[in-house]
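Trainee: My structure is stored as work.txt, with compact mmCIF, C-alpha atoms and all ligand atoms.
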```txt
# COMPACT_ATOMS: atom_id res chain seq x y z
CA MET A 1004 0.00 0.00 0.00
CA LYS A 1005 1.04 3.63 -0.35
CA ALA A 1006 1.92 5.60 2.79
CA VAL A 1007 3.47 8.99 3.40
CA VAL A 1008 6.50 8.44 5.65
CA TYR A 1009 9.27 10.47 7.30
CA ASP A 1010 12.31 9.49 9.35
CA ARG A 1011 13.40 12.73 11.01
CA TYR A 1012 11.80 15.88 12.31
CA GLY A 1013 11.86 18.85 9.98
CA ALA A 1014 10.23 20.50 6.98
CA PRO A 1015 7.42 19.07 4.78
CA ASP A 1016 9.93 18.09 2.06
CA LEU A 1017 11.13 15.28 4.37
CA LEU A 1018 7.82 13.51 3.68
CA ARG A 1019 7.72 10.99 0.82
CA VAL A 1020 5.30 8.40 -0.53
CA GLU A 1021 6.55 4.82 -0.06
CA ASP A 1022 5.17 1.35 -0.80
CA VAL A 1023 4.90 -0.41 2.57
CA PRO A 1024 3.24 -3.69 3.67
CA VAL A 1025 -0.46 -3.53 4.53
CA PRO A 1026 -0.50 -3.79 8.37
CA THR A 1027 -2.17 -6.69 10.20
CA PRO A 1028 -4.56 -5.82 13.02
CA ALA A 1029 -3.53 -7.08 16.47
CA ALA A 1030 -5.98 -7.94 19.28
CA GLY A 1031 -8.48 -5.13 19.78
CA GLN A 1032 -7.44 -3.37 16.57
CA VAL A 1033 -9.34 -2.58 13.40
CA ARG A 1034 -7.83 -2.07 9.96
CA VAL A 1035 -9.43 0.82 8.12
CA GLU A 1036 -9.22 1.48 4.38
CA VAL A 1037 -8.74 5.21 4.74
CA ALA A 1038 -11.02 7.40 2.64
CA ALA A 1039 -10.17 10.71 4.33
CA THR A 1040 -7.83 12.02 7.02
CA SER A 1041 -8.09 15.57 8.25
CA VAL A 1042 -4.96 17.51 9.15
CA ASN A 1043 -4.53 18.87 12.67
CA LEU A 1044 -1.95 21.25 14.05
CA SER A 1045 -0.74 18.21 16.04
CA ASP A 1046 0.35 16.61 12.70
CA TRP A 1047 2.39 19.69 11.87
CA GLU A 1048 3.89 19.66 15.37
CA GLY A 1049 4.69 15.94 14.93
CA LEU A 1050 6.43 16.68 11.62
CA ARG A 1051 8.49 19.54 13.04
CA GLY A 1052 9.15 17.88 16.40
CA SER A 1053 8.16 21.18 17.97
CA PRO A 1054 6.88 22.20 20.54
CA ALA A 1055 8.90 19.73 22.61
CA TYR A 1056 5.80 17.73 23.64
CA ALA A 1057 5.56 16.63 19.98
CA ARG A 1058 8.68 14.48 20.65
CA LEU A 1059 7.04 12.41 23.38
CA GLY A 1060 6.87 9.44 20.98
CA GLY A 1061 10.57 9.74 20.01
CA LEU A 1062 13.10 12.28 21.24
CA ARG A 1063 15.57 12.18 18.31
CA SER A 1064 13.44 10.70 15.53
CA PRO A 1065 9.68 10.22 15.10
CA GLY A 1066 8.13 7.29 16.95
CA ARG A 1067 5.61 6.81 14.11
CA ARG A 1068 6.72 7.00 10.47
CA THR A 1069 3.29 7.99 9.17
CA LEU A 1070 1.33 10.94 10.53
CA GLY A 1071 -2.42 11.52 10.37
CA SER A 1072 -4.72 10.79 13.29
CA ASP A 1073 -8.22 11.93 12.31
CA ILE A 1074 -9.27 9.09 10.01
CA ALA A 1075 -12.50 8.12 8.27
CA GLY A 1076 -12.97 5.05 6.10
CA VAL A 1077 -14.27 1.52 5.78
CA VAL A 1078 -13.33 -1.36 8.09
CA ASP A 1079 -11.35 -3.84 6.06
CA ALA A 1080 -10.31 -6.38 8.71
CA VAL A 1081 -10.59 -6.78 12.49
CA GLY A 1082 -8.18 -8.31 15.02
CA PRO A 1083 -9.07 -10.86 17.72
CA GLY A 1084 -11.50 -9.62 20.36
CA VAL A 1085 -13.01 -6.78 18.34
CA THR A 1086 -16.73 -6.67 19.08
CA ARG A 1087 -18.10 -3.30 17.88
CA PHE A 1088 -17.05 -3.40 14.22
CA ARG A 1089 -16.88 -5.76 11.28
CA ALA A 1090 -15.63 -5.56 7.70
CA GLY A 1091 -17.64 -3.09 5.64
CA ASP A 1092 -18.56 -0.72 8.52
CA GLU A 1093 -18.02 2.98 7.86
CA VAL A 1094 -16.06 4.46 10.76
CA TYR A 1095 -14.19 7.57 11.89
CA GLY A 1096 -12.11 8.60 14.91
CA ASP A 1097 -8.97 10.23 16.30
CA ASN A 1098 -6.16 7.68 16.16
CA LEU A 1099 -3.69 9.82 18.13
CA ALA A 1100 -1.75 6.91 19.67
CA LEU A 1101 -1.06 4.97 16.46
CA MET A 1102 -1.44 7.69 13.80
CA GLY A 1103 -0.92 6.35 10.25
CA GLY A 1104 -3.83 8.11 8.52
CA PHE A 1105 -1.77 9.45 5.61
CA ALA A 1106 -1.81 5.98 4.03
CA GLU A 1107 -4.21 3.74 2.16
CA TYR A 1108 -4.77 1.56 5.26
CA ALA A 1109 -4.40 2.36 8.96
CA LEU A 1110 -4.68 0.36 12.17
CA ALA A 1111 -6.68 1.81 15.05
CA PRO A 1112 -7.80 0.49 18.45
CA GLU A 1113 -11.53 -0.12 18.23
CA SER A 1114 -12.00 2.11 21.29
CA VAL A 1115 -11.12 5.29 19.33
CA LEU A 1116 -13.58 4.63 16.49
CA ALA A 1117 -17.28 5.37 16.04
CA HIS A 1118 -19.75 4.43 13.31
CA LYS A 1119 -19.89 7.21 10.71
CA PRO A 1120 -23.36 8.70 10.25
CA ALA A 1121 -24.63 8.17 6.70
CA GLN A 1122 -25.47 11.88 6.45
CA LEU A 1123 -21.81 12.90 6.54
CA SER A 1124 -19.21 12.22 3.85
CA PHE A 1125 -15.91 10.61 4.85
CA ALA A 1126 -14.17 13.96 4.39
CA GLU A 1127 -16.69 15.70 6.64
CA ALA A 1128 -16.53 13.00 9.32
CA SER A 1129 -12.72 13.13 9.38
CA THR A 1130 -12.79 16.80 10.41
CA ILE A 1131 -14.62 16.17 13.68
CA PRO A 1132 -12.83 13.80 16.13
CA GLN A 1133 -9.87 15.86 17.35
CA ALA A 1134 -11.03 19.41 16.62
CA GLY A 1135 -14.59 18.65 17.72
CA ALA A 1136 -13.48 17.09 21.03
CA ILE A 1137 -11.22 20.07 21.80
CA ALA A 1138 -13.98 22.55 20.94
CA TRP A 1139 -16.68 20.63 22.85
CA GLN A 1140 -14.67 20.40 26.06
CA GLY A 1141 -13.12 23.84 25.68
CA THR A 1142 -16.47 25.61 25.42
CA ALA A 1143 -18.40 23.51 27.95
CA ARG A 1144 -18.32 26.35 30.51
CA ALA A 1145 -19.79 28.93 28.12
CA THR A 1146 -23.18 30.22 29.29
CA ALA A 1147 -25.87 32.51 27.89
CA GLY A 1148 -24.65 36.10 27.94
CA SER A 1149 -21.10 35.20 29.03
CA ARG A 1150 -18.11 36.75 27.28
CA VAL A 1151 -16.04 34.04 25.61
CA LEU A 1152 -12.73 34.54 23.81
CA ILE A 1153 -11.15 31.89 21.60
CA ASN A 1154 -7.47 32.43 20.78
CA GLY A 1155 -6.55 30.78 17.47
CA ALA A 1156 -10.22 30.75 16.49
CA GLY A 1157 -9.67 30.70 12.72
CA GLY A 1158 -8.28 27.15 12.68
CA GLY A 1159 -9.82 23.69 12.82
CA SER A 1160 -10.81 23.55 16.49
CA GLY A 1161 -11.61 27.26 16.57
CA SER A 1162 -14.27 27.15 13.87
CA PHE A 1163 -16.14 24.47 15.86
CA ALA A 1164 -15.52 26.28 19.17
CA ILE A 1165 -17.00 29.57 17.90
CA GLN A 1166 -20.16 27.79 16.79
CA LEU A 1167 -20.52 25.76 20.01
CA ALA A 1168 -20.06 28.80 22.25
CA LYS A 1169 -22.57 30.78 20.16
CA ARG A 1170 -25.03 27.92 20.44
CA LEU A 1171 -24.80 28.20 24.24
CA GLY A 1172 -25.70 31.88 23.97
CA ALA A 1173 -22.29 33.41 24.63
CA HIS A 1174 -20.89 36.61 23.14
CA VAL A 1175 -17.87 35.29 21.23
CA THR A 1176 -14.62 37.04 20.37
CA GLY A 1177 -12.31 35.24 17.93
CA VAL A 1178 -8.58 35.98 17.74
CA ASP A 1179 -6.49 35.04 14.71
CA ASN A 1180 -4.47 36.65 11.90
CA ALA A 1181 -5.86 39.27 9.51
CA ALA A 1182 -6.65 36.79 6.72
CA LYS A 1183 -9.02 34.87 9.01
CA GLN A 1184 -11.13 37.74 10.34
CA ASP A 1185 -13.95 37.36 7.77
CA PHE A 1186 -13.92 33.59 8.21
CA MET A 1187 -14.33 33.87 12.00
CA ARG A 1188 -17.25 36.25 11.49
CA SER A 1189 -18.81 33.91 8.93
CA VAL A 1190 -18.93 31.06 11.46
CA GLY A 1191 -20.53 33.29 14.09
CA ALA A 1192 -17.93 35.36 15.98
CA ASP A 1193 -19.49 38.59 17.29
CA HIS A 1194 -16.15 40.33 17.49
CA VAL A 1195 -12.75 39.54 15.97
CA ILE A 1196 -9.19 40.53 16.86
CA ASP A 1197 -6.08 40.38 14.65
CA TYR A 1198 -3.36 39.10 16.97
CA TYR A 1199 -0.65 40.93 15.04
CA ARG A 1200 -2.34 44.26 15.78
CA ASP A 1201 -4.01 43.86 19.17
CA ASP A 1202 -3.29 41.99 22.39
CA PHE A 1203 -6.52 40.46 23.74
CA THR A 1204 -5.08 40.35 27.25
CA LYS A 1205 -5.17 44.16 27.24
CA SER A 1206 -8.84 44.33 26.30
CA SER A 1207 -10.81 46.94 28.26
CA ARG A 1208 -13.59 44.39 28.88
CA PRO A 1209 -12.32 41.11 30.38
CA PHE A 1210 -13.73 37.69 29.54
CA ASP A 1211 -15.61 35.02 31.50
CA LEU A 1212 -14.01 32.20 29.52
CA VAL A 1213 -10.83 32.12 27.44
CA LEU A 1214 -10.08 29.02 25.35
CA ASP A 1215 -6.49 29.27 24.13
CA LEU A 1216 -5.41 26.98 21.30
CA VAL A 1217 -1.98 28.60 20.95
CA ALA A 1218 -0.76 29.75 24.38
CA GLY A 1219 2.42 31.82 24.47
CA ARG A 1220 1.94 34.62 26.98
CA SER A 1221 2.60 35.02 30.68
CA VAL A 1222 0.20 33.78 33.32
CA PHE A 1223 -0.26 37.36 34.49
CA ALA A 1224 -1.43 38.42 31.03
CA TYR A 1225 -4.01 35.62 31.03
CA ARG A 1226 -5.18 36.53 34.52
CA ARG A 1227 -5.59 40.16 33.32
CA ALA A 1228 -7.83 38.96 30.48
CA LEU A 1229 -10.29 37.35 32.93
CA ALA A 1230 -13.28 38.88 34.67
CA PRO A 1231 -13.74 37.96 38.38
CA GLY A 1232 -14.72 34.29 38.53
CA GLY A 1233 -13.50 33.81 34.95
CA THR A 1234 -11.79 30.71 33.53
CA TYR A 1235 -8.73 30.42 31.26
CA ARG A 1236 -7.94 27.07 29.66
CA CYS A 1237 -5.19 26.35 27.11
CA VAL A 1238 -4.87 23.18 25.03
CA GLY A 1239 -1.74 23.91 23.00
CA GLY A 1240 1.08 26.40 22.56
CA THR A 1241 4.69 26.72 23.66
CA VAL A 1242 5.90 24.27 26.31
CA ARG A 1243 7.10 27.22 28.38
CA ALA A 1244 3.67 28.82 28.40
CA LEU A 1245 1.93 25.52 29.18
CA LEU A 1246 4.30 24.78 32.08
CA ARG A 1247 3.81 28.29 33.48
CA VAL A 1248 0.05 27.87 33.33
CA LEU A 1249 0.26 24.45 35.01
CA THR A 1250 2.40 25.74 37.88
CA VAL A 1251 2.12 29.49 38.53
CA GLY A 1252 -1.24 29.74 36.77
CA TRP A 1253 -3.04 27.63 39.29
CA ALA A 1254 -1.80 29.73 42.23
CA VAL A 1255 -2.41 33.06 40.48
CA GLY A 1256 -5.93 31.98 39.66
CA ARG A 1257 -6.68 30.84 43.20
CA LEU A 1258 -5.32 34.03 44.75
CA THR A 1259 -7.32 36.31 42.45
CA GLY A 1260 -10.67 34.54 42.27
CA ARG A 1261 -10.13 33.20 38.77
CA SER A 1262 -9.28 29.78 37.34
CA VAL A 1263 -6.16 29.48 35.15
CA GLY A 1264 -5.23 26.03 33.86
CA VAL A 1265 -4.52 23.56 31.07
CA LEU A 1266 -7.38 21.60 29.50
CA VAL A 1267 -6.31 17.98 29.11
CA VAL A 1268 -8.58 16.96 26.28
CA GLN A 1269 -10.38 13.65 26.76
CA GLU A 1270 -10.28 11.56 23.60
CA GLY A 1271 -12.71 9.04 22.19
CA PRO A 1272 -16.17 8.82 20.65
CA ALA A 1273 -17.98 9.98 23.82
CA HIS A 1274 -16.17 13.30 23.46
CA PHE A 1275 -16.65 13.95 19.75
CA GLU A 1276 -19.97 12.32 18.92
CA PRO A 1277 -21.98 15.17 20.53
CA VAL A 1278 -20.41 17.49 17.92
CA THR A 1279 -21.13 15.01 15.14
CA ASP A 1280 -24.79 14.93 16.16
CA LEU A 1281 -24.95 18.73 15.83
CA CYS A 1282 -23.26 18.53 12.41
CA VAL A 1283 -25.83 15.96 11.27
CA THR A 1284 -28.73 18.19 12.32
CA GLY A 1285 -27.06 21.20 10.72
CA GLU A 1286 -26.73 23.13 13.99
CA VAL A 1287 -22.95 23.15 13.53
CA ARG A 1288 -21.38 23.53 10.10
CA ILE A 1289 -18.23 21.79 8.90
CA HIS A 1290 -15.79 24.02 7.04
CA ILE A 1291 -13.45 22.19 4.70
CA ASP A 1292 -10.78 24.52 3.36
CA ARG A 1293 -9.36 22.12 0.74
CA THR A 1294 -8.82 18.44 0.03
CA PHE A 1295 -5.50 17.01 -1.18
CA PRO A 1296 -4.53 13.60 -2.64
CA LEU A 1297 -2.01 11.45 -0.74
CA GLU A 1298 0.89 12.63 -2.90
CA GLU A 1299 0.28 16.20 -1.76
CA VAL A 1300 0.39 15.59 2.01
CA PRO A 1301 3.44 17.93 2.30
CA ASP A 1302 1.34 20.78 0.83
CA ALA A 1303 -1.63 19.87 3.03
CA LEU A 1304 0.50 19.97 6.19
CA ALA A 1305 2.19 23.21 5.17
CA ARG A 1306 -1.18 24.81 4.53
CA VAL A 1307 -2.20 24.12 8.13
CA GLY A 1308 1.21 24.69 9.72
CA GLU A 1309 1.87 27.94 7.90
CA GLY A 1310 -1.58 29.21 8.80
CA ARG A 1311 -3.19 29.46 5.35
CA ALA A 1312 -6.15 27.16 5.99
CA LEU A 1313 -9.63 28.49 6.75
CA GLY A 1314 -11.25 25.62 8.64
CA LYS A 1315 -10.10 22.04 8.04
CA VAL A 1316 -7.75 20.58 5.44
CA VAL A 1317 -8.46 16.98 4.37
CA VAL A 1318 -6.30 14.35 2.66
CA THR A 1319 -8.05 11.65 0.62
CA PRO A 1320 -5.78 8.56 0.45
CA SER A 1321 -8.21 6.39 -1.53
N1 LIG A 1401 -4.51 19.12 25.11
C1 LIG A 1401 -4.68 18.08 24.29
O1 LIG A 1401 -4.93 16.99 24.75
C2 LIG A 1401 -4.56 18.29 22.80
C3 LIG A 1401 -4.86 17.28 21.89
C4 LIG A 1401 -4.73 17.53 20.53
C5 LIG A 1401 -4.33 18.79 20.09
N2 LIG A 1401 -4.02 19.76 21.00
C6 LIG A 1401 -3.60 21.12 20.62
O2 LIG A 1401 -4.78 21.84 20.35
C7 LIG A 1401 -4.49 22.88 19.41
C8 LIG A 1401 -5.54 22.75 18.31
O3 LIG A 1401 -5.24 23.49 17.24
P1 LIG A 1401 -6.01 23.36 15.84
O4 LIG A 1401 -5.88 21.97 15.32
O5 LIG A 1401 -7.32 24.01 15.92
O6 LIG A 1401 -4.97 24.25 15.05
P2 LIG A 1401 -5.09 25.14 13.74
O7 LIG A 1401 -6.17 24.62 12.88
O8 LIG A 1401 -3.72 25.29 13.18
O9 LIG A 1401 -5.54 26.54 14.37
C9 LIG A 1401 -4.69 27.33 15.16
C10 LIG A 1401 -4.94 28.78 14.75
O10 LIG A 1401 -4.22 29.63 15.64
C11 LIG A 1401 -3.66 30.70 14.87
N3 LIG A 1401 -2.56 31.29 15.62
C12 LIG A 1401 -1.24 30.99 15.58
N4 LIG A 1401 -0.56 31.76 16.47
C13 LIG A 1401 -1.47 32.55 17.05
C14 LIG A 1401 -1.38 33.55 18.06
N5 LIG A 1401 -0.22 33.89 18.62
N6 LIG A 1401 -2.52 34.16 18.46
C15 LIG A 1401 -3.73 33.84 17.91
N7 LIG A 1401 -3.87 32.89 16.94
C16 LIG A 1401 -2.75 32.25 16.53
C17 LIG A 1401 -3.24 30.02 13.59
O11 LIG A 1401 -3.11 30.98 12.55
P3 LIG A 1401 -1.70 31.45 11.92
O12 LIG A 1401 -0.64 30.51 12.39
O13 LIG A 1401 -1.94 31.42 10.48
O14 LIG A 1401 -1.52 32.83 12.35
C18 LIG A 1401 -4.44 29.10 13.35
O15 LIG A 1401 -5.47 29.75 12.63
C19 LIG A 1401 -3.05 22.65 18.98
O16 LIG A 1401 -2.22 23.54 19.70
C20 LIG A 1401 -2.74 21.21 19.41
O17 LIG A 1401 -1.39 21.01 19.75
C21 LIG A 1401 -4.17 19.53 22.34
```
Mind turning this structure into structure tokens?
Ligand SMILES: NC(=O)c1ccc[n+]([C@@H]2O[C@H](COP(=O)([O-])OP(=O)(O)OC[C@H]3O[C@@H](n4cnc5c(N)ncnc54)[C@H](OP(=O)(O)O)[C@@H]3O)[C@@H](O)[C@H]2O)c1

Mentor:
Amino acid sequence: MKAVVYDRYGAPDLLRVEDVPVPTPAAGQVRVEVAATSVNLSDWEGLRGSPAYARLGGLRSPGRRTLGSDIAGVVDAVGPGVTRFRAGDEVYGDNLALMGGFAEYALAPESVLAHKPAQLSFAEASTIPQAGAIAWQGTARATAGSRVLINGAGGGSGSFAIQLAKRLGAHVTGVDNAAKQDFMRSVGADHVIDYYRDDFTKSSRPFDLVLDLVAGRSVFAYRRALAPGGTYRCVGGTVRALLRVLTVGWAVGRLTGRSVGVLVVQEGPAHFEPVTDLCVTGEVRIHIDRTFPLEEVPDALARVGEGRALGKVVVTPS
């Protein structure tokens, strides 16, 4: 089968298409003929080996040769002990532990997969598991009339998060670069900020909830952005910023009547299927920026990593 592989961290031109053996599912695993894999910032981070947490699987060289976690496709074979799926089932899920979605076939533990609703295409379904789970959990504390800010709102998770927070009745501010301002408005943001021009932590009106997809500032700046009783949660960003939030952030929050912390995103169908249900009913819209064939995975990753994508980028291996 064809797979996009790499052997060291670096630029997209290190990726190449190779013929590799079709993998055999072990106990509890499902083999999926991959129809679509959406690109996440975590794929770009895994390619670059940066931030440092992207090297958890392999310090000097990548632990997995093929990236791509958000897969959708058809079950082709199942390993011993698999009970929820059989050959021919249409499935989707976030295969973060094994990756391998930029290939014609991928192995995934059955626990990460869900049955794909017939109403969604494979490409649409592949956009939901990781970005939808982040957005669902990151906006869970939004309430009617609350002021919510999403930093990095023009990307994959952000476009879901804006819609979910709006659905809960919040006033939503989206922060991203100038090219994404119209896009953030089009998915429902009430107010938008270009992060090159303005610093949201210096806003005259603080926020009740900040969901930060790209943390990089000091804990004190985040505390300043919060109204009394407000909550700041980051899910990604520089390791330095994440460590500061985990340590100093907690204390600063406690001492000032706010909550500053890291959101450890729970994975699995229970955490993304609620978003899928809203996509099926049309309450949340899926925004696919572009689709790419397997041979163009380097371009697809660069489009996300270099910040040109509006919404989700999808690769279609077969
Ligand atoms: N905690 C967990 O368990 C977990 C699990 C999976 C993923 N993650 C993390 O969750 C995040 C999800 O990101 P995603 O997939 O939605 O990424 P994405 O699609 O790339 O969106 C990120 C957006 O942030 C923008 N951005 C970059 N720097 C910014 C800044 N300083 N201020 C404001 N916006 C900025 C980017 O635009 P430009 O770069 O073009 O400016 C881009 O539009 C990633 O950081 C990933 O590592 C966490």

Trainee: Restricting the calculation to only C-alpha atoms and all ligand atoms: of A:Leu1229, A:Val1035, A:Ala1147, A:Leu1099, which residue gets closest to ligand LIG 1401 (chain A)?

Mentor: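 Closest to ligand LIG 1401 (chain A) of all the choices is A:Leu1099.
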
Trainee: Using all atoms listed in the file, find each protein or nucleic acid residue lying at most 6 Å from ligand LIG 1401 (chain A); present the set as a ChimeraX atom specification.

Mentor: /A:1043-1045,1134,1154-1161,1178-1180,1198,1216-1217,1238-1240,1266-1268,1307,1309-1311

Trainee: So, counting all atoms listed in the file, which residue among A:Phe1186, A:Phe1088, A:Trp1139, A:Tyr1225 is closest to Lys1205 of chain A?

Mentor: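 Under the stated criterion, the closest residue is A:Tyr1225.
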
Trainee: Counting only C-alpha atoms, figure out which residue out of A:Arg1257, A:Arg1150, A:Arg1019, A:Arg1089 gets nearest to Leu1070 of chain A.

Mentor: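 Comparing A:Arg1257, A:Arg1150, A:Arg1019, A:Arg1089 against Leu1070 of chain A, the winner is A:Arg1019.
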
Trainee: Excluding Ser1149 of chain A and residues on its chain fewer than 6 positions from it, collect all residues at most 9 Å away from it, counting only C-alpha atoms, and give them as a VMD selection string.

Mentor: chain A and resid 1172 to 1175 1210 to 1212

Trainee: What is the distance between atom CA of Ala1057 of chain A and atom CA of Met1102 of chain A, in Å to one decimal?

Mentor: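 Between atom CA of Ala1057 of chain A and atom CA of Met1102 of chain A the gap works out to 12.9 Å.
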
Trainee: Determine, counting only C-alpha atoms, which protein, DNA and RNA residues have an atom within 12 Å of an atom of Leu1281 of chain A; residues of the same chain fewer than 4 positions away are not included. Present the result as an MDAnalysis selection string.

Mentor: chainID A and resid 1120 1122:1123 1131 1135 1139 1163 1166:1167 1170 1275:1277 1285:1289

Trainee: Looking at A:Arg1227, A:Arg1243, A:His1274, A:Arg1306, which one is nearest to Val1255 of chain A, with distances taken over only C-alpha atoms?

Mentor: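 Checking each candidate against Val1255 of chain A, we get A:Arg1227 as the closest.
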
Trainee: Provide the atom CA of Ala1181 of chain A to atom CA of Thr1146 of chain A distance in Å, to one decimal place.

Mentor: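 The value is 27.8 Å.
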
Trainee: Return as lines of an AutoDock Vina configuration file the centre and edge lengths, in Å with one decimal, of the box along x, y and z that encloses every atom of segment 1080-1091 of chain A in the file, padded by 6 Å per side.

Mentor:
```
center_x = -13.1
center_y = -7.0
center_z = 13.0
size_x = 21.9
size_y = 19.8
size_z = 26.7
```

Trainee: Could you give me, as a PyMOL selection string, the residues that sit within 12 Å of (-1.0, 11.0, -3.9) in the file's coordinates, counting only C-alpha atoms?

Mentor: chain A and resi 1004-1007+1018-1022+1105-1107+1294-1303+1318-1321

Trainee: Using only C-alpha atoms, which of A:Ala1109, A:Ala1100, A:Ile1196, A:Leu1062 sits nearest Val1077 of chain A?

Mentor: A:Ala1109

Trainee: By how many Å are atom CA of Arg1067 of chain A and atom CA of Lys1119 of chain A apart?

Mentor: 25.7 Å

Trainee: For Arg1034 of chain A, which residue out of A:Asp1092, A:Asp1292, A:Asp1202, A:Glu1127 is the nearest one, using all atoms listed in the file?

Mentor: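 Closest residue, counting all atoms listed in the file: A:Asp1092.
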
Trainee: Give me, as number ranges by chain, all polymer residues having an atom no more than 10 Å from Gly1066 of chain A, counting all atoms listed in the file and skipping those fewer than 4 positions away in the same chain.

Mentor: A: 1010-1011, 1049, 1058-1062, 1101

Trainee: Just add all heavy atoms to segment 1073-1079 of chain A and send it as an mmCIF file, in the frame of the given file.

Mentor:
```
data_model
loop_
_atom_site.group_PDB
_atom_site.id
_atom_site.type_symbol
_atom_site.label_atom_id
_atom_site.label_comp_id
_atom_site.auth_asym_id
_atom_site.auth_seq_id
_atom_site.Cartn_x
_atom_site.Cartn_y
_atom_site.Cartn_z
ATOM 1 N N ASP A 1073 -6.754 11.823 12.441
ATOM 2 C CA ASP A 1073 -8.220 11.930 12.310
ATOM 3 C C ASP A 1073 -8.701 11.205 11.058
ATOM 4 O O ASP A 1073 -8.851 11.808 9.990
ATOM 5 C CB ASP A 1073 -8.610 13.410 12.209
ATOM 6 C CG ASP A 1073 -9.095 13.971 13.535
ATOM 7 O OD1 ASP A 1073 -9.401 13.195 14.449
ATOM 8 O OD2 ASP A 1073 -9.183 15.206 13.626
ATOM 9 N N ILE A 1074 -8.972 9.904 11.199
ATOM 10 C CA ILE A 1074 -9.270 9.090 10.010
ATOM 11 C C ILE A 1074 -10.771 8.840 9.834
ATOM 12 O O ILE A 1074 -11.529 8.839 10.799
ATOM 13 C CB ILE A 1074 -8.529 7.731 10.059
ATOM 14 C CG1 ILE A 1074 -8.930 6.948 11.328
ATOM 15 C CG2 ILE A 1074 -7.033 7.934 10.022
ATOM 16 C CD1 ILE A 1074 -8.403 5.514 11.353
ATOM 17 N N ALA A 1075 -11.146 8.603 8.582
ATOM 18 C CA ALA A 1075 -12.500 8.120 8.270
ATOM 19 C C ALA A 1075 -12.369 7.143 7.107
ATOM 20 O O ALA A 1075 -11.589 7.386 6.174
ATOM 21 C CB ALA A 1075 -13.416 9.282 7.894
ATOM 22 N N GLY A 1076 -13.078 6.040 7.176
ATOM 23 C CA GLY A 1076 -12.970 5.050 6.100
ATOM 24 C C GLY A 1076 -13.826 3.836 6.377
ATOM 25 O O GLY A 1076 -14.755 3.882 7.194
ATOM 26 N N VAL A 1077 -13.470 2.746 5.705
ATOM 27 C CA VAL A 1077 -14.270 1.520 5.780
ATOM 28 C C VAL A 1077 -13.435 0.428 6.453
ATOM 29 O O VAL A 1077 -12.272 0.222 6.088
ATOM 30 C CB VAL A 1077 -14.694 1.076 4.360
ATOM 31 C CG1 VAL A 1077 -15.506 -0.219 4.420
ATOM 32 C CG2 VAL A 1077 -15.487 2.178 3.677
ATOM 33 N N VAL A 1078 -14.039 -0.264 7.423
ATOM 34 C CA VAL A 1078 -13.330 -1.360 8.090
ATOM 35 C C VAL A 1078 -13.064 -2.458 7.067
ATOM 36 O O VAL A 1078 -13.957 -2.893 6.332
ATOM 37 C CB VAL A 1078 -14.158 -1.917 9.276
ATOM 38 C CG1 VAL A 1078 -13.492 -3.164 9.853
ATOM 39 C CG2 VAL A 1078 -14.329 -0.853 10.351
ATOM 40 N N ASP A 1079 -11.796 -2.889 7.062
ATOM 41 C CA ASP A 1079 -11.350 -3.840 6.060
ATOM 42 C C ASP A 1079 -11.042 -5.196 6.709
ATOM 43 O O ASP A 1079 -11.236 -6.250 6.115
ATOM 44 C CB ASP A 1079 -10.114 -3.188 5.412
ATOM 45 C CG ASP A 1079 -9.267 -4.124 4.648
ATOM 46 O OD1 ASP A 1079 -9.706 -4.544 3.568
ATOM 47 O OD2 ASP A 1079 -8.177 -4.457 5.145
#
```
